[in-house]
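Q: Before I ask anything, let me first share the structure, which is written out below as structure tokens.
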Amino acid sequence: MAFVTTKDGVNIYFKDWGDKSAQPIVFHHGWPLSADDWDNQMLFFLAQGFRVIAFDRRGHGRSDQVSEGHDMDHYAADASAVVEHLDLKNAVHVGHSTGGGQVARYVARYGQPQGRVAKAVLISSVPPLMVKTDSNPGGTPVSVFDGFRQALAANRAQFYLDVASGPFYGFNRDGADVSQGTINNWWRQGMMGSAKAHYEGIKAFSETDQTDDLKAITVPVLVMQGDDDQVVPYKNAALLQDKLLSNSTLRIYPGYPHGMHTSHADVINADILAFIKA
């Protein structure tokens with residue numbers, strides 16, 4: 001397996017497929033998953049002639065289960081370590097959920113100043129800020145995230161099963177086309193990672209204000225979200241991202257769930273491909 005070691009000594013696992021001279025697409029996974037969440041997209045874009053890269057966030061998947069650094073600053077720095085190790089240029093960065101926050105901070109702080117980023121894609125992503133505050137009245141109450149932490153600490157395995165079989169893919173909706181394999185794969189990825197990293201990651205994805213990150217990004221960004229996202233409400237996410245970004249294209253998908261890149265991969269992949277080629 002391939003790893004890069006960060007400046008603070010963390011081994012980050014990555015996969016790198018395709019012609020090394022082709023345009024790279026870097027995929028940033030959501031909480032509490034791994035690079036494997038992008039299997040469909042990796043194979044699709046590889047077949048389209050791109051070089052595809054995905055990596056496991058610290059404390060997730062096959063990367064080191066370290067005690068510290070489970071915050072958006074370290075997530076972005078770790079992403080930069082992978083990109084710099086592979087010397088990726090003219091890259092497209094695609095992030096889902098927490099991975100979208102990671103993309104926003106990486107592009108704003110590292111990729112764009114270094115001239116390494118061509119475009120970015122935010123799918124069902126957490127910026128600018130998830131938690132409800134006086135200045136973010138449309139946010140989700142902190143009690144919801146406290147509930148996540150309580151459920152994770154009490155019985156992580158059951159909590160992850162409940163999330164995957166319920167709101168994440170909209171499998172709790174009447175008439176949903178439920179995929180047991182998708183549920184099992186979500187659970188498998190989650191349980192590979194560190195309970196501590198996942199517990200502390202809840203604060204990272206819910207309480208990190210990324211307004212300034214979005215304002216700093218000037219490369220073209222595709223913003224994608226379903227209007228039936230039960231995890232990250234789209235009115236406080238995609239719609240605000242589109243307002244804060246200076247060069248964005250907004251796509252709202254009627255009835256699509258949080259994990260739409262898996263449940264509706266054919267549509268999402270085609271739209272990302274068209275955006276990259278535009």
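We label chains A, B, ... in the order they appear in the structure tokens, count residues from 1 in each chain, and number ligands from 1 in the order shown.
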Would you pick out the contacts of segment 55-60 of chain A at 10 Å or less, using only C-alpha atoms, so that residues sharing its chain but fewer than 6 positions from it are not included, and give the list as a PyMOL selection string?

A: chain A and resi 2-4+6+10-16+26-38+66-71+74-76+78-79+82+99+102+189-198+201

Q: So which residues touch Ala164 of chain A within 6 Å, counting only C-alpha atoms, skipping near sequence neighbours fewer than 3 positions away, as a PyMOL selection string?

A: chain A and resi 161+168+183

Q: Residues at most 8 Å from Val94 of chain A, counting only C-alpha atoms, excluding those fewer than 6 positions away in the same chain, as a PyMOL selection string?

A: chain A and resi 25-28+100+103+120-123

Q: Closest to Met224 of chain A among A:Gly49, A:Pro113, A:Pro254, A:Gly166, using only C-alpha atoms?

A: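 Once distances to Met224 of chain A are computed over only C-alpha atoms, the minimum belongs to A:Pro254.
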
Q: Among segment 17-194 of chain A, which residues does DSSP mark as strand (DSSP E or B) when it is run on the backbone? Keep the chain and numbering as in the structure and answer as a short mmCIF file (atom, residue, chain, number, x, y, z; two decimals) with N, CA, C and O atoms, in the first residue's frame.

A:
```
data_model
loop_
_atom_site.label_atom_id
_atom_site.label_comp_id
_atom_site.auth_asym_id
_atom_site.auth_seq_id
_atom_site.Cartn_x
_atom_site.Cartn_y
_atom_site.Cartn_z
N TRP A 17 -4.31 5.96 -9.50
CA TRP A 17 -4.52 5.11 -10.67
C TRP A 17 -4.47 5.94 -11.95
O TRP A 17 -4.97 7.07 -11.99
N PRO A 24 -5.19 15.13 -13.29
CA PRO A 24 -5.58 14.42 -12.06
C PRO A 24 -6.90 14.92 -11.48
O PRO A 24 -7.21 16.11 -11.52
N ILE A 25 -7.66 13.98 -10.94
CA ILE A 25 -8.84 14.28 -10.14
C ILE A 25 -8.59 13.69 -8.76
O ILE A 25 -8.29 12.51 -8.63
N VAL A 26 -8.70 14.53 -7.73
CA VAL A 26 -8.45 14.10 -6.36
C VAL A 26 -9.78 14.06 -5.61
O VAL A 26 -10.51 15.06 -5.59
N PHE A 27 -10.07 12.92 -4.99
CA PHE A 27 -11.33 12.72 -4.30
C PHE A 27 -11.14 12.76 -2.78
O PHE A 27 -10.26 12.09 -2.24
N HIS A 28 -12.00 13.53 -2.11
CA HIS A 28 -11.93 13.74 -0.65
C HIS A 28 -13.23 13.18 -0.04
O HIS A 28 -14.33 13.70 -0.29
N ARG A 51 -6.31 10.71 -14.52
CA ARG A 51 -5.57 10.12 -13.41
C ARG A 51 -6.40 10.36 -12.16
O ARG A 51 -6.81 11.51 -11.90
N VAL A 52 -6.67 9.32 -11.38
CA VAL A 52 -7.57 9.47 -10.24
C VAL A 52 -6.83 9.12 -8.94
O VAL A 52 -6.12 8.12 -8.87
N ILE A 53 -7.02 9.97 -7.94
CA ILE A 53 -6.34 9.83 -6.66
C ILE A 53 -7.37 9.97 -5.54
O ILE A 53 -8.25 10.84 -5.60
N ALA A 54 -7.29 9.12 -4.55
CA ALA A 54 -8.11 9.26 -3.35
C ALA A 54 -7.26 8.83 -2.15
O ALA A 54 -6.36 8.00 -2.28
N PHE A 55 -7.55 9.41 -1.00
CA PHE A 55 -6.76 9.09 0.20
C PHE A 55 -7.67 9.04 1.41
O PHE A 55 -8.77 9.59 1.42
N ALA A 91 -5.11 20.12 -11.18
CA ALA A 91 -5.97 19.09 -10.60
C ALA A 91 -7.39 19.60 -10.36
O ALA A 91 -7.62 20.78 -10.11
N VAL A 92 -8.32 18.66 -10.44
CA VAL A 92 -9.70 18.90 -10.04
C VAL A 92 -9.91 18.21 -8.69
O VAL A 92 -9.61 17.02 -8.55
N HIS A 93 -10.38 18.95 -7.71
CA HIS A 93 -10.60 18.39 -6.37
C HIS A 93 -12.09 18.23 -6.12
O HIS A 93 -12.85 19.20 -6.22
N VAL A 94 -12.50 17.01 -5.79
CA VAL A 94 -13.90 16.66 -5.59
C VAL A 94 -14.09 16.22 -4.14
O VAL A 94 -13.43 15.28 -3.69
N GLY A 95 -14.98 16.89 -3.42
CA GLY A 95 -15.20 16.55 -2.02
C GLY A 95 -16.66 16.31 -1.71
O GLY A 95 -17.54 17.03 -2.19
N HIS A 96 -16.93 15.30 -0.90
CA HIS A 96 -18.29 15.01 -0.44
C HIS A 96 -18.41 15.27 1.06
O HIS A 96 -17.58 14.83 1.84
N VAL A 117 -4.45 23.94 -8.65
CA VAL A 117 -5.86 23.58 -8.80
C VAL A 117 -6.47 24.21 -10.04
O VAL A 117 -6.32 25.41 -10.27
N ALA A 118 -7.19 23.39 -10.81
CA ALA A 118 -7.91 23.89 -11.98
C ALA A 118 -9.37 24.19 -11.64
O ALA A 118 -9.90 25.24 -11.98
N LYS A 119 -10.01 23.23 -10.97
CA LYS A 119 -11.43 23.36 -10.62
C LYS A 119 -11.70 22.57 -9.35
O LYS A 119 -10.87 21.78 -8.91
N ALA A 120 -12.88 22.79 -8.78
CA ALA A 120 -13.29 22.04 -7.59
C ALA A 120 -14.77 21.69 -7.69
O ALA A 120 -15.54 22.36 -8.38
N VAL A 121 -15.13 20.62 -7.00
CA VAL A 121 -16.52 20.16 -6.96
C VAL A 121 -16.90 19.90 -5.51
O VAL A 121 -16.20 19.16 -4.80
N LEU A 122 -17.99 20.50 -5.06
CA LEU A 122 -18.50 20.30 -3.70
C LEU A 122 -19.82 19.54 -3.78
O LEU A 122 -20.80 20.03 -4.36
N ILE A 123 -19.84 18.33 -3.23
CA ILE A 123 -21.03 17.48 -3.26
C ILE A 123 -21.60 17.35 -1.85
O ILE A 123 -20.90 16.88 -0.94
N VAL A 131 -23.39 24.21 12.26
CA VAL A 131 -24.05 24.39 13.54
C VAL A 131 -24.81 25.72 13.60
O VAL A 131 -24.39 26.72 13.01
N THR A 133 -25.89 29.11 15.08
CA THR A 133 -25.35 30.15 15.97
C THR A 133 -26.19 31.41 15.75
O THR A 133 -27.07 31.45 14.88
N ASN A 136 -25.69 32.36 12.39
CA ASN A 136 -26.05 31.30 11.43
C ASN A 136 -27.37 30.66 11.88
O ASN A 136 -27.42 29.49 12.26
N THR A 140 -27.95 23.78 12.07
CA THR A 140 -28.47 22.66 12.84
C THR A 140 -28.11 22.84 14.31
O THR A 140 -26.95 23.13 14.62
#
```
